[in-house]
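Chemist: Structure supplied as query-v8.txt; contents: compact mmCIF, C-alpha atoms.
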# COMPACT_ATOMS: atom_id res chain seq x y z
CA MET A 1 38.06 -8.13 14.41
CA ASP A 2 38.07 -4.54 15.65
CA GLU A 3 34.88 -4.01 17.61
CA ASP A 4 34.31 -0.79 15.68
CA ASP A 5 34.15 -2.70 12.41
CA CYS A 6 30.83 -3.82 10.98
CA PRO A 7 30.64 -7.61 10.60
CA GLU A 8 30.47 -9.07 7.14
CA LEU A 9 26.97 -10.18 6.20
CA VAL A 10 26.40 -13.67 4.89
CA PRO A 11 24.49 -13.81 1.57
CA ILE A 12 21.09 -15.42 1.99
CA GLU A 13 19.88 -18.28 -0.14
CA LYS A 14 17.14 -17.20 -2.52
CA THR A 15 14.61 -19.57 -3.99
CA SER A 16 14.91 -19.92 -7.73
CA GLY A 17 11.98 -19.12 -9.95
CA ASP A 18 9.81 -16.15 -10.83
CA GLY A 19 7.74 -15.94 -7.67
CA PRO A 20 8.03 -13.35 -4.91
CA THR A 21 10.54 -15.54 -3.02
CA SER A 22 13.15 -14.95 -5.76
CA GLN A 23 12.82 -11.18 -5.39
CA ILE A 24 13.47 -8.63 -2.67
CA PRO A 25 10.31 -7.21 -1.00
CA VAL A 26 9.90 -3.44 -0.77
CA THR A 27 7.67 -1.72 1.77
CA ILE A 28 6.76 1.93 1.25
CA ILE A 29 6.53 3.91 4.50
CA THR A 30 4.56 7.12 4.32
CA GLY A 31 2.85 9.51 6.66
CA TYR A 32 2.13 13.17 7.22
CA LEU A 33 4.85 15.50 8.49
CA GLY A 34 5.63 14.77 12.14
CA ALA A 35 3.67 11.52 12.30
CA GLY A 36 6.66 9.49 13.43
CA LYS A 37 8.17 7.97 10.25
CA THR A 38 11.71 8.94 11.17
CA THR A 39 11.23 7.61 14.70
CA LEU A 40 9.97 4.34 13.22
CA LEU A 41 12.97 4.08 10.92
CA ASN A 42 15.36 4.99 13.74
CA TYR A 43 13.80 2.19 15.75
CA ILE A 44 14.26 -0.29 12.91
CA LEU A 45 17.83 0.82 12.25
CA THR A 46 18.99 0.68 15.84
CA GLU A 47 17.08 -2.24 17.37
CA GLN A 48 18.59 -5.70 17.27
CA HIS A 49 16.56 -8.02 15.05
CA SER A 50 17.17 -10.90 12.70
CA LYS A 51 16.27 -8.90 9.58
CA ARG A 52 18.89 -7.47 7.22
CA ILE A 53 17.03 -4.37 6.07
CA ALA A 54 18.07 -1.68 3.63
CA VAL A 55 16.42 1.68 4.39
CA ILE A 56 16.16 4.39 1.75
CA LEU A 57 15.34 7.84 3.10
CA ASN A 58 14.29 10.74 0.92
CA GLU A 59 12.97 13.20 3.47
CA PHE A 60 15.30 15.78 4.94
CA GLY A 61 14.18 17.61 8.05
CA GLU A 62 15.82 19.18 11.05
CA GLY A 63 16.20 16.97 14.07
CA SER A 64 16.49 13.67 12.18
CA ALA A 65 18.95 11.45 14.01
CA LEU A 66 19.32 9.37 10.88
CA GLU A 67 20.30 12.36 8.80
CA LYS A 68 22.97 13.35 11.31
CA SER A 69 24.54 9.90 11.01
CA LEU A 70 24.83 10.06 7.22
CA SER A 71 26.77 12.01 4.65
CA VAL A 72 23.94 13.56 2.73
CA SER A 73 24.15 14.58 -0.91
CA GLN A 74 26.01 17.75 -1.78
CA GLU A 75 24.83 20.40 -4.20
CA GLY A 76 21.71 18.42 -5.00
CA GLU A 77 23.62 15.40 -6.26
CA LEU A 78 22.35 11.95 -5.33
CA TYR A 79 24.13 10.34 -2.42
CA GLU A 80 24.90 6.83 -3.59
CA GLU A 81 26.97 5.44 -0.74
CA TRP A 82 25.50 3.15 1.88
CA LEU A 83 26.16 3.25 5.60
CA GLU A 84 26.30 -0.23 7.12
CA LEU A 85 25.03 -0.33 10.71
CA ARG A 86 25.88 -2.66 13.54
CA ASN A 87 22.61 -4.59 13.48
CA GLY A 88 22.97 -5.60 9.83
CA CYS A 89 20.95 -2.76 8.32
CA LEU A 90 22.04 -0.63 5.40
CA CYS A 91 21.04 3.03 5.18
CA CYS A 92 21.02 5.57 2.36
CA SER A 93 19.71 9.11 1.83
CA VAL A 94 18.47 10.31 -1.55
CA LYS A 95 16.78 13.39 -2.92
CA ASP A 96 14.60 11.73 -5.53
CA ASN A 97 11.96 9.00 -5.37
CA GLY A 98 14.51 6.38 -4.37
CA LEU A 99 14.56 4.36 -7.61
CA LYS A 100 18.20 5.14 -8.36
CA ALA A 101 19.05 4.06 -4.83
CA ILE A 102 17.21 0.76 -5.37
CA GLU A 103 19.14 0.15 -8.58
CA ASN A 104 22.42 0.77 -6.77
CA LEU A 105 21.27 -1.35 -3.87
CA MET A 106 20.55 -4.34 -6.09
CA GLU A 107 24.28 -4.47 -6.84
CA LYS A 108 24.68 -5.41 -3.16
CA LYS A 109 22.25 -8.31 -3.46
CA GLY A 110 22.90 -10.78 -0.68
CA LYS A 111 23.75 -7.99 1.76
CA PHE A 112 20.09 -7.57 2.72
CA ASP A 113 16.74 -9.29 2.48
CA TYR A 114 14.30 -6.39 2.73
CA ILE A 115 13.97 -2.77 1.54
CA LEU A 116 12.09 0.02 3.30
CA LEU A 117 11.47 3.10 1.15
CA GLU A 118 10.42 6.25 2.98
CA THR A 119 8.44 8.92 1.12
CA THR A 120 8.29 12.59 2.00
CA GLY A 121 5.44 13.74 4.22
CA LEU A 122 3.45 15.27 1.36
CA ALA A 123 4.22 12.61 -1.24
CA ASP A 124 1.64 10.43 -2.94
CA PRO A 125 2.74 6.85 -2.11
CA GLY A 126 0.56 5.59 -4.95
CA ALA A 127 2.80 7.27 -7.50
CA VAL A 128 5.82 5.49 -6.02
CA ALA A 129 3.95 2.18 -5.83
CA SER A 130 2.93 2.41 -9.49
CA ILE A 131 6.56 2.43 -10.61
CA PHE A 132 7.01 -1.14 -9.41
CA TRP A 133 4.34 -2.23 -11.89
CA VAL A 134 5.49 -0.30 -14.94
CA ASP A 135 9.27 -0.73 -14.59
CA ALA A 136 9.84 -4.30 -15.81
CA GLU A 137 13.59 -4.27 -15.09
CA LEU A 138 13.01 -3.10 -11.54
CA GLY A 139 10.20 -5.61 -11.11
CA SER A 140 12.50 -8.49 -11.95
CA ASP A 141 14.60 -7.76 -8.86
CA VAL A 142 12.09 -6.46 -6.32
CA TYR A 143 8.38 -6.64 -5.61
CA LEU A 144 6.04 -4.31 -3.75
CA ASP A 145 5.08 -5.85 -0.41
CA GLY A 146 2.80 -3.13 0.93
CA ILE A 147 2.22 0.49 1.90
CA VAL A 148 2.53 1.42 5.57
CA THR A 149 1.10 4.77 6.70
CA VAL A 150 2.01 6.35 10.04
CA ILE A 151 -0.37 8.91 11.55
CA ASP A 152 -0.13 11.07 14.65
CA ALA A 153 -3.02 10.28 17.01
CA LYS A 154 -3.03 13.80 18.45
CA PHE A 155 -3.10 15.72 15.16
CA ALA A 156 -4.67 13.10 12.87
CA MET A 157 -8.12 14.68 12.84
CA GLN A 158 -6.67 18.11 12.11
CA HIS A 159 -4.73 16.75 9.13
CA LEU A 160 -7.50 14.48 7.83
CA THR A 161 -10.13 17.22 7.88
CA GLU A 162 -7.99 20.03 6.46
CA GLU A 163 -9.87 21.81 3.70
CA LYS A 164 -8.23 21.74 0.29
CA PRO A 165 -9.03 23.76 -2.85
CA GLU A 166 -11.60 22.20 -5.14
CA GLY A 167 -10.15 19.31 -7.10
CA LEU A 168 -7.23 18.62 -4.77
CA VAL A 169 -7.01 15.58 -2.50
CA ASN A 170 -6.06 15.97 1.13
CA GLU A 171 -2.55 14.41 1.32
CA ALA A 172 -3.08 12.83 4.74
CA THR A 173 -6.39 11.32 3.64
CA ARG A 174 -4.87 9.91 0.46
CA GLN A 175 -2.08 8.28 2.48
CA VAL A 176 -4.70 6.57 4.66
CA ALA A 177 -6.70 5.51 1.58
CA LEU A 178 -3.66 3.81 0.05
CA ALA A 179 -2.46 2.10 3.22
CA ASP A 180 -2.33 -1.66 3.67
CA LEU A 181 -1.22 -1.14 7.28
CA LEU A 182 -1.97 1.95 9.33
CA ILE A 183 0.13 2.72 12.41
CA ILE A 184 -1.63 5.10 14.80
CA ASN A 185 1.32 6.56 16.68
CA LYS A 186 1.54 8.69 19.86
CA THR A 187 -1.56 7.09 21.39
CA ASP A 188 -0.33 8.23 24.82
CA LEU A 189 -1.07 11.84 23.85
CA VAL A 190 -4.84 11.37 23.46
CA ASN A 191 -7.69 10.05 25.58
CA GLU A 192 -9.82 7.04 24.63
CA GLN A 193 -12.59 9.15 23.11
CA GLU A 194 -10.14 11.00 20.85
CA LEU A 195 -8.46 7.75 19.87
CA GLN A 196 -11.81 6.18 18.99
CA GLN A 197 -12.60 9.14 16.75
CA VAL A 198 -9.34 8.54 14.87
CA ARG A 199 -10.15 4.82 14.55
CA ASP A 200 -13.63 5.57 13.22
CA THR A 201 -12.36 8.15 10.74
CA VAL A 202 -9.61 6.03 9.21
CA GLY A 203 -12.03 3.10 9.05
CA SER A 204 -14.52 5.23 7.13
CA ILE A 205 -11.82 6.17 4.63
CA ASN A 206 -10.25 2.74 4.13
CA GLY A 207 -12.34 -0.25 5.10
CA LEU A 208 -9.61 -2.74 4.14
CA VAL A 209 -6.73 -1.34 6.18
CA ARG A 210 -5.13 -3.20 9.09
CA VAL A 211 -4.52 -0.99 12.12
CA MET A 212 -1.77 -1.00 14.74
CA GLU A 213 -1.59 1.38 17.70
CA THR A 214 1.70 2.33 19.27
CA GLN A 215 3.78 4.89 21.16
CA LYS A 216 7.08 6.31 19.94
CA SER A 217 6.74 4.18 16.78
CA LYS A 218 7.80 0.98 18.55
CA VAL A 219 6.23 -1.85 16.59
CA ASP A 220 6.51 -5.59 16.12
CA LEU A 221 8.40 -5.82 12.84
CA SER A 222 6.83 -9.17 12.04
CA LYS A 223 3.51 -7.33 11.68
CA VAL A 224 4.93 -4.54 9.52
CA LEU A 225 6.99 -6.57 7.06
CA ASP A 226 5.97 -9.41 4.74
CA LEU A 227 2.44 -8.06 4.27
CA HIS A 228 2.10 -9.53 0.73
CA SER A 229 -0.59 -6.94 0.05
CA PHE A 230 -0.03 -6.91 -3.71
CA ASP A 231 0.27 -10.61 -4.47
CA ILE A 232 -1.75 -13.79 -4.32
CA GLN A 233 -0.46 -14.67 -0.85
CA ASP A 234 -2.94 -12.07 0.40
CA LEU A 235 -5.83 -14.02 -1.14
CA ALA A 236 -7.10 -15.77 2.01
CA ARG A 237 -7.19 -12.59 4.08
CA LEU A 238 -8.72 -10.59 1.22
CA THR A 239 -11.44 -13.20 0.63
CA GLU A 240 -12.34 -13.23 4.32
CA LYS A 241 -12.34 -9.43 4.54
CA LEU A 242 -14.48 -8.97 1.43
CA GLN A 243 -17.12 -11.35 2.76
CA VAL A 244 -17.83 -9.07 5.73
CA LEU A 245 -16.82 -5.64 4.41
CA ARG A 246 -19.57 -3.17 3.66
CA SER A 247 -19.47 0.26 2.05
CA THR A 248 -18.50 3.02 4.43
CA HIS A 249 -19.97 6.48 4.85
CA PRO A 250 -17.90 9.55 3.97
CA HIS A 251 -15.76 10.88 6.79
CA LEU A 252 -15.60 14.56 7.62
CA ASP A 253 -14.27 15.78 4.26
CA LYS A 254 -17.32 14.25 2.56
CA SER A 255 -15.33 12.76 -0.32
CA ILE A 256 -13.11 9.72 0.30
CA LEU A 257 -14.71 6.44 1.34
CA THR A 258 -14.79 2.69 0.71
CA ALA A 259 -17.37 1.28 -1.71
CA THR A 260 -17.88 -2.46 -2.05
CA PHE A 261 -20.33 -4.79 -3.75
CA GLU A 262 -20.88 -8.48 -4.39
CA VAL A 263 -22.38 -9.91 -7.58
CA PRO A 264 -22.94 -13.62 -8.34
CA GLY A 265 -22.09 -15.14 -11.69
CA GLU A 266 -19.20 -15.30 -14.15
CA VAL A 267 -17.66 -12.29 -15.89
CA PHE A 268 -16.16 -11.86 -19.33
CA GLU A 269 -12.56 -10.71 -18.87
CA ASP A 270 -12.56 -8.41 -21.90
CA ARG A 271 -15.75 -6.72 -20.72
CA PHE A 272 -14.35 -6.34 -17.22
CA ASN A 273 -11.28 -4.65 -18.68
CA LEU A 274 -13.54 -2.15 -20.42
CA PHE A 275 -15.48 -1.56 -17.18
CA ILE A 276 -12.37 -0.97 -15.06
CA GLN A 277 -10.72 1.20 -17.71
CA ASP A 278 -13.83 3.37 -17.97
CA LEU A 279 -13.72 3.74 -14.19
CA LEU A 280 -9.98 4.25 -13.66
CA TRP A 281 -8.88 5.90 -16.89
CA GLU A 282 -11.87 7.66 -18.40
CA LYS A 283 -13.57 8.42 -15.06
CA SER A 284 -16.86 8.16 -16.90
CA PHE A 285 -18.93 7.01 -13.90
CA LYS A 286 -20.60 9.66 -11.76
CA ASN A 287 -22.30 9.51 -8.38
CA LYS A 288 -25.82 10.76 -7.63
CA GLU A 289 -24.52 14.30 -7.13
CA GLY A 290 -22.90 14.29 -10.57
CA SER A 291 -19.30 14.12 -9.36
CA ALA A 292 -16.96 11.86 -11.32
CA MET A 293 -15.80 8.86 -9.30
CA HIS A 294 -12.05 8.78 -8.68
CA VAL A 295 -10.51 5.49 -7.49
CA ILE A 296 -7.34 5.58 -5.39
CA ARG A 297 -7.10 1.86 -4.59
CA CYS A 298 -9.08 -1.22 -5.61
CA LYS A 299 -9.03 -4.93 -4.83
CA GLY A 300 -11.27 -7.84 -5.61
CA ILE A 301 -11.87 -11.49 -6.35
CA LEU A 302 -13.41 -12.36 -9.72
CA CYS A 303 -14.95 -15.47 -11.23
CA VAL A 304 -13.84 -15.20 -14.87
CA GLU A 305 -15.52 -17.15 -17.64
CA GLY A 306 -13.33 -19.99 -18.86
CA LYS A 307 -11.03 -19.99 -15.82
CA GLU A 308 -11.31 -22.61 -13.10
CA LYS A 309 -9.28 -20.55 -10.63
CA ARG A 310 -10.08 -17.32 -8.85
CA VAL A 311 -8.74 -14.13 -10.36
CA MET A 312 -7.47 -11.33 -8.12
CA LEU A 313 -7.82 -7.65 -9.00
CA GLN A 314 -5.25 -5.15 -7.68
CA GLY A 315 -5.19 -1.47 -8.56
CA VAL A 316 -3.52 1.80 -7.54
CA HIS A 317 -4.72 5.01 -9.19
CA GLU A 318 -4.93 4.36 -12.96
CA LEU A 319 -2.91 1.13 -12.91
CA TYR A 320 -4.46 -2.27 -12.32
CA GLU A 321 -3.70 -5.93 -12.91
CA LEU A 322 -5.63 -9.20 -13.01
CA GLU A 323 -3.77 -12.26 -11.73
CA GLU A 324 -4.99 -15.83 -11.75
CA THR A 325 -4.52 -17.40 -8.31
CA PRO A 326 -3.64 -21.01 -7.46
CA GLU A 327 -6.99 -21.45 -5.70
CA ALA A 328 -9.72 -23.07 -7.81
CA TRP A 329 -13.44 -22.68 -7.29
CA ALA A 330 -14.95 -25.79 -5.67
CA PRO A 331 -17.49 -27.60 -7.90
CA ASP A 332 -20.44 -26.81 -5.60
CA GLU A 333 -19.20 -23.37 -4.52
CA PRO A 334 -21.30 -20.34 -5.53
CA ARG A 335 -19.51 -18.20 -8.10
CA VAL A 336 -19.37 -14.72 -6.58
CA ASN A 337 -17.46 -11.58 -7.59
CA ARG A 338 -16.46 -9.37 -4.66
CA LEU A 339 -14.98 -5.93 -5.33
CA VAL A 340 -13.87 -3.04 -3.14
CA PHE A 341 -12.95 0.47 -4.25
CA ILE A 342 -11.42 3.23 -2.13
CA GLY A 343 -11.57 6.76 -3.50
CA ARG A 344 -13.44 10.01 -3.94
CA TYR A 345 -17.16 10.45 -4.67
CA LEU A 346 -17.79 6.72 -4.98
CA ASP A 347 -21.23 5.12 -5.04
CA GLY A 348 -21.26 1.34 -4.63
CA ASP A 349 -24.82 0.94 -5.94
CA ILE A 350 -24.04 2.77 -9.17
CA LEU A 351 -20.81 0.81 -9.64
CA ARG A 352 -22.69 -2.44 -9.09
CA THR A 353 -25.30 -1.46 -11.67
CA HIS A 354 -22.64 -0.70 -14.31
CA PHE A 355 -20.80 -3.91 -13.46
CA THR A 356 -23.93 -6.08 -13.72
CA ALA A 357 -25.05 -4.49 -16.96
CA THR A 358 -21.75 -4.67 -18.84
CA VAL A 359 -19.52 -7.40 -17.41
CA LEU A 360 -21.56 -10.48 -16.47
CA LYS A 361 -22.32 -13.37 -18.80
CA GLN A 362 -25.84 -13.10 -20.14
CA ASP A 363 -27.05 -16.21 -18.29
CA SER A 364 -25.44 -15.00 -15.05
CA LYS A 365 -27.31 -11.72 -14.72
CA SER A 366 -29.77 -11.47 -11.86
What is this file in C-alpha cells?
Modeler:
Amino acid sequence: MDEDDCPELVPIEKTSGDGPTSQIPVTIITGYLGAGKTTLLNYILTEQHSKRIAVILNEFGEGSALEKSLSVSQEGELYEEWLELRNGCLCCSVKDNGLKAIENLMEKKGKFDYILLETTGLADPGAVASIFWVDAELGSDVYLDGIVTVIDAKFAMQHLTEEKPEGLVNEATRQVALADLLIINKTDLVNEQELQQVRDTVGSINGLVRVMETQKSKVDLSKVLDLHSFDIQDLARLTEKLQVLRSTHPHLDKSILTATFEVPGEVFEDRFNLFIQDLLWEKSFKNKEGSAMHVIRCKGILCVEGKEKRVMLQGVHELYELEETPEAWAPDEPRVNRLVFIGRYLDGDILRTHFTATVLKQDSKS
C-alpha cells in the first residue's frame, strides 16, 4: 500500500435492536466565536486515537486549518464529499445545519462510529438538538449523545455579561445553559481568581453541567464522547445530581439560572403533560416580578401513578419527552419527584406550587 493512501476502515459490529447501541451517537459542539472549537476539532482530527469519528463543520472563518485542508462548497452549494484522514476520521464542511451531511454520511455506515457536529459561534444548539427528536427517519439512524460547549476563560465574562436588547437571549449564556459538558479553554491566560469567577458564573447559569478545564482545547476524548445525556443511561448520574442540586441565584445578567425542586408522592401523567406544556409552550407561569418563565433545558425523575419504574423527563426549549426507565422503585423507597429547569426568569418556589396543585395524586399532596 502506498503510504500516502488512507487505509480501508473495517466496518464495526453493531448491536441489533432499537436501543442506542444500534444507532450512531451525535455530539453537538458549540461555543462563542474564538472559544476554541476549531482547535478542539483539529485536535480530534489529527491526534491518534481508537475512535473512528466523522466531523461535520459548518462554520467558516479565516485561519481555520481544517478549512484549508478541505474543498469547501462553491457558489453556496453544499459540499457533499468527505475527506478521509490518516487517523480514521472523516471530515466534511457544510453551509447549513449539517442534517444533509448526516444523511449523506449514513450511506457510509460502518466507516465511522461517532459523529461530531459543530455549530456556528452564534447558533442556538438547542434548535439543532431538537431536530433529532422531531425527525423520525434521522432518529432511526442516529441519537443525540450530548451538547458540548467550549468557552474562552479570558473573555468568558465579557461574553456572558454582554447586554442584549430586551427579549433577546445572550448567545454565550444560552450555550452554557444548554451544555451537558462545558470545556473552559485557555485557562493559562487567566489567574486563579479570574478562573474561579468563570466557574462560579457558569455554575450559576447551569447547575447540572459537568466542567472540564484545559489549554489549547486538548481534552481526554473519553470524557467528551459517550455522555448519554439524553437517554436513560444518564439516570444514575442524574439521580445523584438531583439529590444534592439546589436552585442557583441569577448570574450577572439577572435572567438565566437553574431552578430545582423536590416533591414527594405520585403524579398523574396526563396532568403532568398539561403542567409542562403550560410551562414550555404557553409560558403561562410568571415569576414574582411578573416576567414569563422561559425554559431552555429541563430534566427530572418522576414517580408516575400506575408505573412501577422511574420515568425520566428530558426537554430542550419547547420539546420534551417522558421515558420509562428500566429502574423500578424499591418497595420501601420513598416516592419522590425531582425536577430541574434551566432558563430565564425562573422561580423554583412558584413552579413547585403549580406542580403540587395540579399534578400530584390527591392523596399524595402535602
Chemist: Using all atoms listed in the file, which protein or nucleic acid residues come within 9 Å of A:Asp226? Drop anything in the same chain fewer than 3 positions from it, and give the result as JSON, numbers by chain.
Modeler: {"A": [25, 27, 145, 146, 222, 223, 229]}
Chemist: Fewer than 3 positions away in the same chain doesn't count, so skip those; otherwise give me all residues within 9 Å of A:Asp180, counting only C-alpha atoms, as a list in words.
Modeler: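 Near A:Asp180, the qualifying residues are Gly146, Ile147, Val148, Thr149, Val176, Ala177, Leu208, Val209, Arg210, Val211, Leu227 and Ser229 of chain A.
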Chemist: For A:Val134, which residue out of A:Lys241, A:Val316, A:Ala259, A:Thr325 is the nearest one, using all atoms listed in the file?
Modeler: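 Nearest candidate to A:Val134 out of A:Lys241, A:Val316, A:Ala259, A:Thr325: A:Val316.
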Chemist: Using only C-alpha atoms, what does the table of stretch 100-211 of chain A residues within 9 Å of stretch 37-51 of chain A look like, with each row giving the shortest atom pair and its distance in Å to one decimal, sorted by chain and ascending number, as JSON lines?
Modeler:
{"residue": "A:Phe112", "atom": "CA", "partner": "A:Lys51", "partner_atom": "CA", "distance": 8.0}
{"residue": "A:Asp113", "atom": "CA", "partner": "A:Lys51", "partner_atom": "CA", "distance": 7.1}
{"residue": "A:Tyr114", "atom": "CA", "partner": "A:Lys51", "partner_atom": "CA", "distance": 7.6}
{"residue": "A:Leu116", "atom": "CA", "partner": "A:Leu41", "partner_atom": "CA", "distance": 8.7}
{"residue": "A:Glu118", "atom": "CA", "partner": "A:Lys37", "partner_atom": "CA", "distance": 7.8}
{"residue": "A:Gly121", "atom": "CA", "partner": "A:Lys37", "partner_atom": "CA", "distance": 8.8}
{"residue": "A:Thr149", "atom": "CA", "partner": "A:Lys37", "partner_atom": "CA", "distance": 8.5}
{"residue": "A:Val150", "atom": "CA", "partner": "A:Lys37", "partner_atom": "CA", "distance": 6.4}
{"residue": "A:Ile151", "atom": "CA", "partner": "A:Lys37", "partner_atom": "CA", "distance": 8.7}
Chemist: Quick one: pull the distance between atom CA of A:Gln314 and atom CA of A:Lys299, Å, one decimal.
Modeler: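 Atom-to-atom, atom CA of A:Gln314 to atom CA of A:Lys299, that is 4.7 Å.
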Chemist: Check the smallest atom-to-atom distance from each of A:Glu333, A:Gly167, A:Gly290, A:Ile301 to A:Arg237 using all atoms listed in the file, then report the winner.
Modeler: A:Ile301
Chemist: Could you check how far atom CA of A:Leu138 sits from atom CA of A:Ile342, in Å to one decimal?
Modeler: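 If I compute the distance from atom CA of A:Leu138 to atom CA of A:Ile342, I get 26.9 Å.
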Chemist: Between A:Val26, A:Leu57, A:Thr258, A:Asp152, which residue has the minimum interatomic distance to A:Ile205, considering all atoms listed in the file?
Modeler: A:Thr258
Chemist: Any idea what's packed within 10 Å of stretch 192-197 of chain A, counting only C-alpha atoms, ignoring anything in its chain fewer than 5 positions away? Could you give it as an MDAnalysis selection string?
Modeler: chainID A and resid 153:154 156:157 184 187 202:203 213
Chemist: Neighbouring residues of A:Pro334 were defined as those with any atom within 10 Å, considering all atoms listed in the file; residues of the same chain fewer than 4 positions away were excluded. Please report them as a list of chain:residue names.
Modeler: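 The neighbour list is A:Pro264, A:Gly265, A:Cys303, A:Trp329, A:Ala330.
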Chemist: Please list as a list in words every residue within 7 Å of A:Phe132, counting all atoms listed in the file and excluding residues in the same chain fewer than 3 positions away.
Modeler: Ala129, Asp135, Leu138, Gly139, Tyr143 and Leu144 of chain A
Chemist: Please enclose the listed atoms of stretch 325-340 of chain A in an axis-aligned box, pad each side by 4 Å, and write out the centre and the three edge lengths in Å, rounded to one decimal, as AutoDock Vina command-line options.
Modeler:
--center_x -12.5 --center_y -15.3 --center_z -5.7 --size_x 25.7 --size_y 32.6 --size_z 13.2
Chemist: Which one is closest to A:Pro326: A:Thr119, A:Gln158, A:Asn206, A:Gln233? Count all atoms listed in the file.
Modeler: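 Using all atoms listed in the file, A:Pro326 sits closest to A:Gln233.
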Chemist: Nearest to A:Phe155 among A:Asp200, A:His354, A:Lys100, A:Asn185, with distances taken over only C-alpha atoms: which residue is it?
Modeler: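 Of all the options, A:Asn185 lies closest to A:Phe155.
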Chemist: Which residue gives the smallest distance to A:Leu242 among A:Lys361, A:Arg52, A:Arg338, A:Arg344, with only C-alpha atoms counted?
Modeler: A:Arg338
Chemist: Any idea what the distance is between atom CA of A:Ile102 and atom CA of A:Leu225?
Modeler: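 Between atom CA of A:Ile102 and atom CA of A:Leu225 the gap works out to 17.7 Å.
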Chemist: Give me stretch 306-325 of chain A with N, CA and C atoms filled in, as a JSON list (two decimals), in the frame of the given file.
Modeler:
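The resulting file, rebuild_34.json, is reproduced below:
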[["chain", "number", "residue", "atom", "x", "y", "z"],
["A", 306, "GLY", "N", -14.38, -19.20, -18.25],
["A", 306, "GLY", "CA", -13.33, -19.99, -18.86],
["A", 306, "GLY", "C", -12.15, -20.29, -17.96],
["A", 307, "LYS", "N", -12.14, -19.75, -16.75],
["A", 307, "LYS", "CA", -11.03, -19.99, -15.82],
["A", 307, "LYS", "C", -11.55, -20.75, -14.59],
["A", 308, "GLU", "N", -10.89, -21.83, -14.26],
["A", 308, "GLU", "CA", -11.31, -22.61, -13.10],
["A", 308, "GLU", "C", -10.84, -22.00, -11.79],
["A", 309, "LYS", "N", -9.85, -21.13, -11.85],
["A", 309, "LYS", "CA", -9.28, -20.55, -10.63],
["A", 309, "LYS", "C", -9.77, -19.13, -10.42],
["A", 310, "ARG", "N", -9.70, -18.69, -9.19],
["A", 310, "ARG", "CA", -10.08, -17.32, -8.85],
["A", 310, "ARG", "C", -9.09, -16.34, -9.47],
["A", 311, "VAL", "N", -9.59, -15.18, -9.80],
["A", 311, "VAL", "CA", -8.74, -14.13, -10.36],
["A", 311, "VAL", "C", -8.76, -12.95, -9.40],
["A", 312, "MET", "N", -7.57, -12.45, -9.06],
["A", 312, "MET", "CA", -7.47, -11.33, -8.12],
["A", 312, "MET", "C", -7.25, -10.03, -8.87],
["A", 313, "LEU", "N", -7.99, -9.00, -8.47],
["A", 313, "LEU", "CA", -7.82, -7.65, -9.00],
["A", 313, "LEU", "C", -7.01, -6.83, -8.00],
["A", 314, "GLN", "N", -6.01, -6.11, -8.48],
["A", 314, "GLN", "CA", -5.25, -5.15, -7.68],
["A", 314, "GLN", "C", -5.13, -3.87, -8.49],
["A", 315, "GLY", "N", -5.32, -2.72, -7.85],
["A", 315, "GLY", "CA", -5.19, -1.47, -8.56],
["A", 315, "GLY", "C", -4.76, -0.33, -7.67],
["A", 316, "VAL", "N", -3.94, 0.56, -8.20],
["A", 316, "VAL", "CA", -3.52, 1.80, -7.54],
["A", 316, "VAL", "C", -3.64, 2.93, -8.56],
["A", 317, "HIS", "N", -4.47, 3.92, -8.25],
["A", 317, "HIS", "CA", -4.72, 5.01, -9.19],
["A", 317, "HIS", "C", -5.16, 4.43, -10.54],
["A", 318, "GLU", "N", -4.48, 4.80, -11.63],
["A", 318, "GLU", "CA", -4.93, 4.36, -12.96],
["A", 318, "GLU", "C", -4.39, 3.00, -13.36],
["A", 319, "LEU", "N", -3.50, 2.43, -12.56],
["A", 319, "LEU", "CA", -2.91, 1.13, -12.91],
["A", 319, "LEU", "C", -3.65, 0.00, -12.21],
["A", 320, "TYR", "N", -3.82, -1.11, -12.93],
["A", 320, "TYR", "CA", -4.46, -2.27, -12.32],
["A", 320, "TYR", "C", -3.90, -3.52, -12.98],
["A", 321, "GLU", "N", -4.08, -4.66, -12.31],
["A", 321, "GLU", "CA", -3.70, -5.93, -12.91],
["A", 321, "GLU", "C", -4.66, -7.02, -12.45],
["A", 322, "LEU", "N", -4.85, -8.01, -13.33],
["A", 322, "LEU", "CA", -5.63, -9.20, -13.01],
["A", 322, "LEU", "C", -4.67, -10.38, -12.97],
["A", 323, "GLU", "N", -4.69, -11.14, -11.88],
["A", 323, "GLU", "CA", -3.77, -12.26, -11.73],
["A", 323, "GLU", "C", -4.54, -13.51, -11.31],
["A", 324, "GLU", "N", -4.35, -14.57, -12.09],
["A", 324, "GLU", "CA", -4.99, -15.83, -11.75],
["A", 324, "GLU", "C", -4.30, -16.44, -10.53],
["A", 325, "THR", "N", -5.07, -16.86, -9.55],
["A", 325, "THR", "CA", -4.52, -17.40, -8.31],
["A", 325, "THR", "C", -4.43, -18.92, -8.39]]
